[in-house]
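Here is final28.txt, consisting of compact mmCIF, C-alpha atoms:
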# COMPACT_ATOMS: atom_id res chain seq x y z
CA MET A 1 -3.67 18.62 18.67
CA THR A 2 -5.90 17.21 15.95
CA THR A 3 -4.33 16.68 12.53
CA ARG A 4 -6.58 16.18 9.51
CA PHE A 5 -5.15 14.94 6.25
CA ARG A 6 -5.72 12.75 3.23
CA ALA A 7 -4.93 9.05 3.22
CA ALA A 8 -5.62 5.99 1.08
CA VAL A 9 -8.01 3.76 3.03
CA LEU A 10 -8.59 0.10 2.18
CA ARG A 11 -12.11 -0.70 3.40
CA SER A 12 -12.52 -4.26 2.13
CA TYR A 13 -10.35 -6.96 0.60
CA GLU A 14 -12.06 -6.60 -2.78
CA ASP A 15 -12.72 -2.85 -3.12
CA PRO A 16 -10.26 -0.28 -4.49
CA PHE A 17 -8.44 2.11 -2.19
CA ALA A 18 -10.40 5.26 -1.32
CA VAL A 19 -8.43 8.48 -0.83
CA GLU A 20 -10.32 10.30 1.91
CA ASP A 21 -9.99 12.56 4.93
CA VAL A 22 -8.69 10.97 8.14
CA VAL A 23 -8.08 12.35 11.62
CA LEU A 24 -5.13 11.86 13.95
CA ASP A 25 -6.30 13.01 17.37
CA THR A 26 -3.07 12.63 19.31
CA GLU A 27 0.33 14.24 19.64
CA PRO A 28 3.59 12.32 19.29
CA ALA A 29 4.38 10.60 22.58
CA ALA A 30 7.91 10.27 23.95
CA GLY A 31 10.02 8.55 21.32
CA GLU A 32 7.55 9.28 18.51
CA ILE A 33 7.63 11.67 15.56
CA LEU A 34 5.04 13.00 13.13
CA VAL A 35 6.34 12.86 9.56
CA GLU A 36 4.95 14.73 6.57
CA ILE A 37 5.19 12.07 3.88
CA ALA A 38 7.02 13.11 0.72
CA GLY A 39 6.68 9.73 -1.00
CA ALA A 40 5.73 6.15 -0.12
CA GLY A 41 6.72 3.07 -2.07
CA MET A 42 4.15 0.39 -2.82
CA CYS A 43 5.38 -3.05 -1.80
CA ARG A 44 3.79 -6.40 -2.61
CA THR A 45 3.49 -6.95 1.14
CA ASP A 46 0.96 -4.10 1.16
CA LEU A 47 -0.99 -5.71 -1.66
CA ALA A 48 -0.88 -9.14 0.01
CA VAL A 49 -3.29 -7.80 2.63
CA ARG A 50 -6.02 -8.39 0.04
CA ARG A 51 -5.19 -12.10 0.15
CA SER A 52 -4.80 -12.38 3.93
CA ALA A 53 -8.06 -14.33 4.36
CA GLY A 54 -9.42 -12.00 6.99
CA ARG A 55 -6.29 -11.93 9.16
CA SER A 56 -5.79 -8.19 8.59
CA PRO A 57 -8.55 -6.03 10.10
CA LEU A 58 -10.07 -3.41 7.85
CA PRO A 59 -10.61 -0.53 7.22
CA ALA A 60 -6.96 0.41 7.37
CA VAL A 61 -4.27 2.71 5.99
CA LEU A 62 -1.43 0.65 4.53
CA GLY A 63 2.03 1.71 3.36
CA HIS A 64 5.40 0.83 4.88
CA GLU A 65 8.00 2.44 2.59
CA GLY A 66 7.51 6.05 3.59
CA ALA A 67 9.94 8.96 3.62
CA GLY A 68 9.48 12.61 4.46
CA VAL A 69 10.16 15.45 6.85
CA VAL A 70 9.63 15.50 10.63
CA VAL A 71 7.08 18.17 11.59
CA ARG A 72 6.58 17.32 15.29
CA ALA A 73 8.56 15.29 17.80
CA GLY A 74 7.55 13.88 21.16
CA GLY A 75 10.98 14.07 22.74
CA GLY A 76 12.47 11.49 25.06
CA SER A 77 14.15 9.62 22.23
CA ASP A 78 17.80 8.72 22.02
CA THR A 79 17.81 8.86 18.20
CA GLU A 80 18.43 12.64 18.05
CA ILE A 81 15.82 12.98 15.30
CA GLY A 82 14.04 16.32 15.46
CA VAL A 83 11.75 18.71 13.63
CA GLY A 84 12.96 19.49 10.13
CA ASP A 85 14.97 16.30 9.70
CA HIS A 86 14.51 14.30 6.51
CA VAL A 87 13.89 10.63 7.31
CA VAL A 88 13.37 7.25 5.70
CA LEU A 89 10.92 5.02 7.57
CA SER A 90 11.59 1.32 7.99
CA PHE A 91 10.15 -1.57 9.99
CA ASP A 92 9.51 -1.25 13.72
CA SER A 93 11.28 -3.19 16.47
CA CYS A 94 11.30 -3.10 20.26
CA GLY A 95 15.00 -2.38 20.80
CA HIS A 96 15.08 -4.45 24.00
CA CYS A 97 14.85 -8.15 23.13
CA ARG A 98 17.90 -10.36 22.61
CA ASN A 99 17.81 -10.07 18.82
CA CYS A 100 17.42 -6.29 18.84
CA ARG A 101 20.32 -5.98 21.26
CA GLY A 102 22.28 -8.32 18.99
CA ALA A 103 21.87 -6.00 15.96
CA ALA A 104 19.19 -8.22 14.38
CA PRO A 105 16.04 -6.06 14.66
CA ALA A 106 14.34 -7.83 11.75
CA TYR A 107 14.07 -10.85 14.06
CA CYS A 108 12.69 -8.84 16.98
CA ASP A 109 10.64 -10.96 19.38
CA SER A 110 7.79 -8.46 18.92
CA PHE A 111 8.10 -8.07 15.14
CA ALA A 112 4.59 -9.34 14.40
CA ALA A 113 2.99 -7.34 17.20
CA LEU A 114 4.73 -4.13 16.13
CA ASN A 115 4.39 -4.43 12.37
CA LEU A 116 1.37 -6.55 11.48
CA PHE A 117 -2.25 -5.74 12.17
CA GLY A 118 -2.92 -9.23 13.47
CA GLY A 119 -0.57 -8.72 16.40
CA ARG A 120 -1.93 -5.31 17.42
CA ALA A 121 -5.58 -6.06 18.21
CA LYS A 122 -5.28 -4.61 21.73
CA GLU A 123 -3.69 -1.31 20.67
CA ALA A 124 -5.89 1.75 20.68
CA PRO A 125 -6.52 3.15 17.17
CA ARG A 126 -4.29 6.04 16.14
CA LEU A 127 -6.45 7.15 13.19
CA THR A 128 -10.15 7.59 12.55
CA ASP A 129 -12.03 8.41 9.39
CA ALA A 130 -14.00 11.63 8.93
CA ASP A 131 -17.02 10.03 10.66
CA GLY A 132 -14.98 9.12 13.74
CA LYS A 133 -14.81 5.40 12.96
CA ALA A 134 -11.56 3.71 13.93
CA LEU A 135 -8.98 2.68 11.36
CA ALA A 136 -6.65 -0.24 12.06
CA PRO A 137 -3.41 0.44 13.98
CA ARG A 138 -0.16 1.37 12.26
CA TRP A 139 0.91 -0.93 9.43
CA PHE A 140 4.61 -1.72 9.93
CA GLY A 141 4.63 1.14 12.41
CA GLN A 142 3.82 3.61 9.59
CA SER A 143 0.60 3.54 7.54
CA SER A 144 2.39 5.84 5.11
CA PHE A 145 -0.10 5.82 2.20
CA ALA A 146 -1.04 9.22 3.56
CA GLU A 147 0.06 12.81 3.86
CA TYR A 148 1.31 12.24 7.43
CA ALA A 149 2.48 9.28 9.52
CA LEU A 150 2.95 9.00 13.29
CA VAL A 151 5.86 6.64 13.90
CA SER A 152 8.38 5.54 16.46
CA ALA A 153 11.60 7.46 16.09
CA ARG A 154 13.35 4.11 16.35
CA ASN A 155 12.20 3.06 12.90
CA ALA A 156 13.20 6.34 11.24
CA VAL A 157 16.61 6.93 9.68
CA ARG A 158 17.83 10.49 9.20
CA VAL A 159 19.17 11.25 5.71
CA ASP A 160 20.90 14.17 4.00
CA PRO A 161 18.29 16.79 2.99
CA ALA A 162 20.09 17.17 -0.33
CA LEU A 163 18.84 13.71 -1.33
CA PRO A 164 15.51 13.34 -3.22
CA VAL A 165 13.54 12.33 -0.14
CA GLU A 166 10.37 11.61 -2.10
CA LEU A 167 12.16 8.68 -3.79
CA LEU A 168 13.90 7.21 -0.75
CA GLY A 169 11.02 5.30 0.90
CA PRO A 170 11.69 1.93 -0.80
CA LEU A 171 15.14 1.94 0.83
CA GLY A 172 13.27 1.16 4.06
CA CYS A 173 11.99 -2.23 2.90
CA GLY A 174 12.09 -3.59 -0.66
CA PHE A 175 15.47 -2.27 -1.74
CA LEU A 176 16.82 -2.79 1.79
CA THR A 177 15.81 -6.46 1.62
CA GLY A 178 17.46 -7.23 -1.70
CA ALA A 179 20.64 -5.29 -1.06
CA GLY A 180 20.86 -6.50 2.53
CA ALA A 181 20.63 -10.14 1.48
CA VAL A 182 23.76 -9.67 -0.64
CA LEU A 183 25.74 -7.37 1.66
CA ASN A 184 24.63 -8.62 5.10
CA THR A 185 23.27 -12.17 4.84
CA PHE A 186 25.70 -13.51 2.25
CA ARG A 187 28.46 -10.95 2.81
CA ALA A 188 29.26 -11.56 -0.83
CA GLY A 189 32.36 -10.09 -2.39
CA PRO A 190 34.89 -10.56 -5.21
CA GLY A 191 35.39 -14.26 -5.91
CA ASP A 192 31.78 -15.13 -5.08
CA THR A 193 28.96 -15.68 -7.57
CA LEU A 194 25.22 -15.09 -7.19
CA VAL A 195 22.02 -16.15 -8.93
CA VAL A 196 18.86 -14.09 -8.32
CA LEU A 197 15.48 -15.63 -9.08
CA GLY A 198 12.83 -13.00 -9.74
CA ALA A 199 13.88 -9.61 -11.10
CA GLY A 200 11.35 -7.46 -9.27
CA ALA A 201 12.18 -4.69 -6.82
CA VAL A 202 13.90 -6.98 -4.30
CA GLY A 203 15.70 -9.03 -6.92
CA LEU A 204 16.95 -6.04 -8.90
CA ALA A 205 18.17 -4.38 -5.69
CA ALA A 206 20.16 -7.56 -5.07
CA VAL A 207 21.55 -7.39 -8.61
CA MET A 208 22.65 -3.76 -8.10
CA ALA A 209 24.20 -4.54 -4.71
CA ALA A 210 26.07 -7.48 -6.19
CA GLY A 211 27.47 -5.22 -8.89
CA ALA A 212 28.56 -2.69 -6.27
CA ALA A 213 30.28 -5.51 -4.34
CA GLY A 214 32.09 -6.87 -7.39
CA VAL A 215 30.05 -10.09 -7.51
CA PRO A 216 29.12 -11.65 -10.89
CA VAL A 217 25.37 -12.29 -10.95
CA VAL A 218 22.87 -14.25 -13.04
CA ALA A 219 19.26 -13.01 -13.04
CA VAL A 220 16.34 -15.33 -13.76
CA ASP A 221 12.84 -14.06 -14.61
CA ARG A 222 9.92 -14.79 -16.94
CA HIS A 223 9.43 -11.16 -18.05
CA PRO A 224 11.77 -10.01 -20.88
CA ARG A 225 11.52 -6.38 -19.71
CA ARG A 226 12.72 -7.34 -16.23
CA LEU A 227 15.60 -9.28 -17.72
CA GLU A 228 16.55 -6.24 -19.80
CA LEU A 229 16.72 -4.19 -16.61
CA ALA A 230 18.83 -6.83 -14.87
CA GLU A 231 21.22 -6.88 -17.82
CA ARG A 232 21.46 -3.07 -17.69
CA PHE A 233 22.62 -3.40 -14.09
CA GLY A 234 25.30 -5.95 -14.98
CA ALA A 235 23.57 -9.32 -14.63
CA VAL A 236 23.60 -12.15 -17.14
CA PRO A 237 19.89 -12.65 -18.00
CA VAL A 238 18.32 -16.11 -18.18
CA ALA A 239 14.67 -16.85 -18.92
CA ALA A 240 12.90 -18.70 -16.11
CA ASP A 241 11.53 -21.29 -18.54
CA ALA A 242 14.93 -22.00 -20.12
CA ALA A 243 15.63 -25.70 -20.54
CA GLY A 244 18.21 -27.11 -18.15
CA LEU A 245 18.20 -24.00 -15.95
CA PRO A 246 20.49 -25.37 -13.17
CA GLU A 247 23.07 -26.58 -15.68
CA ARG A 248 23.01 -23.27 -17.51
CA VAL A 249 23.55 -21.31 -14.29
CA ARG A 250 26.42 -23.59 -13.31
CA ARG A 251 28.09 -22.94 -16.66
CA LEU A 252 27.65 -19.19 -16.26
CA THR A 253 29.05 -19.21 -12.72
CA ASP A 254 32.11 -21.41 -13.30
CA GLY A 255 30.78 -24.56 -11.69
CA GLY A 256 27.92 -23.21 -9.61
CA ALA A 257 26.84 -20.13 -7.72
CA GLN A 258 28.05 -19.65 -4.18
CA TYR A 259 24.81 -17.86 -3.30
CA ALA A 260 21.26 -17.84 -4.61
CA LEU A 261 18.43 -15.49 -3.68
CA ASP A 262 14.85 -16.54 -4.44
CA THR A 263 12.14 -13.88 -4.47
CA THR A 264 9.49 -16.00 -6.22
CA ALA A 265 8.44 -18.75 -3.76
CA SER A 266 8.14 -21.03 -6.81
CA PRO A 267 8.93 -24.62 -5.72
CA ARG A 268 10.38 -25.40 -9.16
CA LEU A 269 12.70 -22.40 -9.12
CA VAL A 270 13.72 -23.03 -5.50
CA ASN A 271 14.79 -26.55 -6.43
CA ASP A 272 16.52 -25.29 -9.57
CA ALA A 273 18.38 -22.72 -7.46
CA LEU A 274 19.61 -25.37 -5.04
CA ARG A 275 20.82 -27.52 -7.94
CA ALA A 276 22.62 -24.49 -9.39
CA LEU A 277 24.67 -23.96 -6.21
CA ARG A 278 28.23 -25.13 -5.82
CA PRO A 279 29.09 -27.35 -2.81
CA THR A 280 28.61 -25.41 0.47
CA GLY A 281 26.46 -22.87 -1.40
CA THR A 282 23.62 -21.03 0.34
CA LEU A 283 20.10 -20.26 -0.86
CA GLY A 284 18.25 -17.36 0.76
CA LEU A 285 14.45 -17.16 0.60
CA VAL A 286 12.76 -13.78 0.96
CA ALA A 287 9.25 -14.52 -0.31
CA ARG A 288 6.77 -15.85 2.22
CA LEU A 289 5.78 -19.47 1.61
CA HIS A 290 2.06 -20.24 1.84
CA THR A 291 2.26 -23.98 1.16
CA ALA A 292 4.68 -26.79 1.89
CA LEU A 293 7.94 -26.56 -0.04
CA PRO A 294 8.90 -29.94 -1.51
CA LEU A 295 12.66 -30.32 -1.91
CA GLU A 296 13.82 -32.81 -4.49
CA PRO A 297 16.32 -35.53 -3.51
CA GLY A 298 19.90 -34.37 -3.67
CA THR A 299 19.20 -30.64 -3.55
CA LEU A 300 20.74 -30.26 -0.07
CA ASP A 301 23.68 -32.59 -0.65
CA ARG A 302 27.33 -31.54 -0.39
CA GLY A 303 26.93 -28.89 2.27
CA ARG A 304 24.29 -26.80 0.56
CA SER A 305 21.98 -24.89 2.89
CA VAL A 306 18.78 -22.87 2.77
CA ARG A 307 17.58 -20.10 5.09
CA HIS A 308 14.95 -17.40 5.25
CA VAL A 309 16.04 -13.76 5.02
CA CYS A 310 13.91 -11.08 6.69
CA GLU A 311 14.43 -7.39 5.79
CA GLY A 312 17.89 -8.15 4.44
CA ASP A 313 19.21 -8.90 7.95
CA ALA A 314 19.61 -5.14 8.10
CA VAL A 315 20.00 -2.56 10.80
CA PRO A 316 18.27 0.19 8.79
CA GLY A 317 20.26 2.99 10.42
CA LEU A 318 23.45 1.36 9.14
CA LEU A 319 22.46 0.03 5.72
CA ILE A 320 20.34 2.93 4.42
CA PRO A 321 23.29 5.39 4.57
CA VAL A 322 25.41 2.82 2.72
CA LEU A 323 22.80 2.56 -0.03
CA THR A 324 22.41 6.32 -0.41
CA GLY A 325 26.19 6.61 -0.57
CA LEU A 326 26.33 3.97 -3.31
CA TRP A 327 23.54 5.81 -5.17
CA ARG A 328 25.50 9.06 -5.06
CA ALA A 329 28.49 7.19 -6.47
CA GLY A 330 26.37 5.83 -9.34
CA ARG A 331 26.68 2.25 -8.08
CA PHE A 332 23.13 1.63 -6.80
CA PRO A 333 20.77 3.41 -9.25
CA PHE A 334 17.53 2.44 -7.51
CA ASP A 335 15.76 5.52 -8.89
CA GLN A 336 15.75 3.83 -12.31
CA LEU A 337 13.26 1.28 -10.93
CA ILE A 338 10.77 3.89 -9.71
CA ARG A 339 7.68 5.34 -11.34
CA THR A 340 5.85 8.02 -9.36
CA TYR A 341 2.08 8.41 -9.06
CA PRO A 342 -0.04 10.97 -7.23
CA LEU A 343 -1.53 9.45 -4.09
CA ALA A 344 -4.94 9.96 -5.73
CA ASP A 345 -3.88 7.44 -8.41
CA ILE A 346 -3.08 4.65 -5.95
CA ASN A 347 -5.42 2.20 -7.67
CA GLU A 348 -3.69 2.76 -11.01
CA ALA A 349 -0.34 2.18 -9.28
CA GLU A 350 -1.61 -1.06 -7.76
CA HIS A 351 -2.92 -2.25 -11.11
CA ASP A 352 0.36 -1.45 -12.87
CA CYS A 353 2.32 -3.20 -10.11
CA GLU A 354 0.21 -6.35 -10.27
CA ALA A 355 0.42 -6.39 -14.07
CA GLY A 356 4.22 -6.07 -14.00
CA ARG A 357 4.23 -2.73 -15.85
CA VAL A 358 6.22 -1.03 -13.10
CA VAL A 359 8.91 -2.36 -10.76
CA LYS A 360 8.44 0.07 -7.88
CA PRO A 361 5.52 2.50 -7.71
CA VAL A 362 6.05 5.47 -5.40
CA LEU A 363 3.00 7.46 -4.29
CA LEU A 364 3.39 11.22 -3.91
CA PRO A 365 0.92 13.24 -1.80
CA GLU A 366 -0.75 16.18 -3.48
CA GLY A 367 1.65 18.94 -4.46
CA ARG A 368 4.68 16.64 -4.77
CA THR A 369 4.03 15.06 -8.16
CA ARG A 370 7.24 14.87 -10.19

Rewritten as structure tokens:
Amino acid sequence: MTTRFRAAVLRSYEDPFAVEDVVLDTEPAAGEILVEIAGAGMCRTDLAVRRSAGRSPLPAVLGHEGAGVVVRAGGGSDTEIGVGDHVVLSFDSCGHCRNCRGAAPAYCDSFAALNLFGGRAKEAPRLTDADGKALAPRWFGQSSFAEYALVSARNAVRVDPALPVELLGPLGCGFLTGAGAVLNTFRAGPGDTLVVLGAGAVGLAAVMAAGAAGVPVVAVDRHPRRLELAERFGAVPVAADAAGLPERVRRLTDGGAQYALDTTASPRLVNDALRALRPTGTLGLVARLHTALPLEPGTLDRGRSVRHVCEGDAVPGLLIPVLTGLWRAGRFPFDQLIRTYPLADINEAEHDCEAGRVVKPVLLPEGRTR
């Protein structure tokens, strides 16, 4: 069956998105579902495609924080997701490698091949434009800047239909990453302390998760508005350019933070974070580094450690229900970070995101504008 719908297509690294007709000329295979997208978050990983130096083939439909309603299912899946279910879409994984079997799907052996265009060059296109020209394969298994997305049932998480599904997409990546770093990677709880560097979507999700876990948190950012948001969610705000930043954080955390989460990839802030840790403290890095990271002498002394955190070390099917439960209890108010835009206004959303005027844009297909 051929499905025609509207999608935001990125045709070159410099041009704006073009919302146009696309064609999906295939039915869901075994283990796949077709989802009518209710809302899709815009993540900086989507926007980084513009700076990928040709590694991401275009034209393509991006978007990897989708949520919506299942309209067709291919069967043969053990997830028990069917037509009519409300779902949040997350990253794809194979389900068979050692890390997937060990409840670490974010470190799937096939993560790049399943989620990034560069690893899917041999896969047949799933979408074409109105002229029949191929669009790049599924971005993070989704390509959800569209009215519909064909996805593996494995990377869909069923949610209560009473929840505002159009707002839930960022729980599949950005909010999952920040909250998962606190709850899964650090397993932080009462008695621990945390410093978060960068109060964007990932950092503020970490701040909210820390509050829900009873963990005092210091938030560091260069934007006063972001610091105001962090303070609203219970963090002690500190300007990124404050003099003596490590010493100030140590004073605020009774001798040093047990955990630090950096979302900035700034070498200066990474080194400041390490100096702000107490002995045996851990720094988690979530931003992708594009250059060498110089560590200053002494920053890894006294048992301090640093590690990369991918997708919050989460099993989406386990963490997303926890986050929606915390939201219902008023302890993870992620909706306060969201501004919605019609899908047709995707370029305005991108501009506002890049300018720091919005923490988390969510794109709503036609007819779903809030």

Exercise. Counting all atoms listed in the file, what is within 7 Å of A:Arg11, bar same-chain residues fewer than 5 positions away, as JSON, numbers by chain?
Worked result: {"A": [58, 59, 60]}

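Atom pair atom CA of A:Gly303 / atom CA of A:Asp254: separated by 18.0 Å.
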
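Distance-wise, atom CA of A:Ala153 and atom CA of A:Glu32 end up 5.1 Å apart.
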
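Atom to atom, atom CA of A:Arg275 and atom CA of A:Cys173 stand 28.9 Å apart.
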
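Considering all atoms listed in the file, the residue among A:Gly234, A:Val196, A:Ala210, A:Leu62 positioned nearest to A:Arg138 is A:Leu62.
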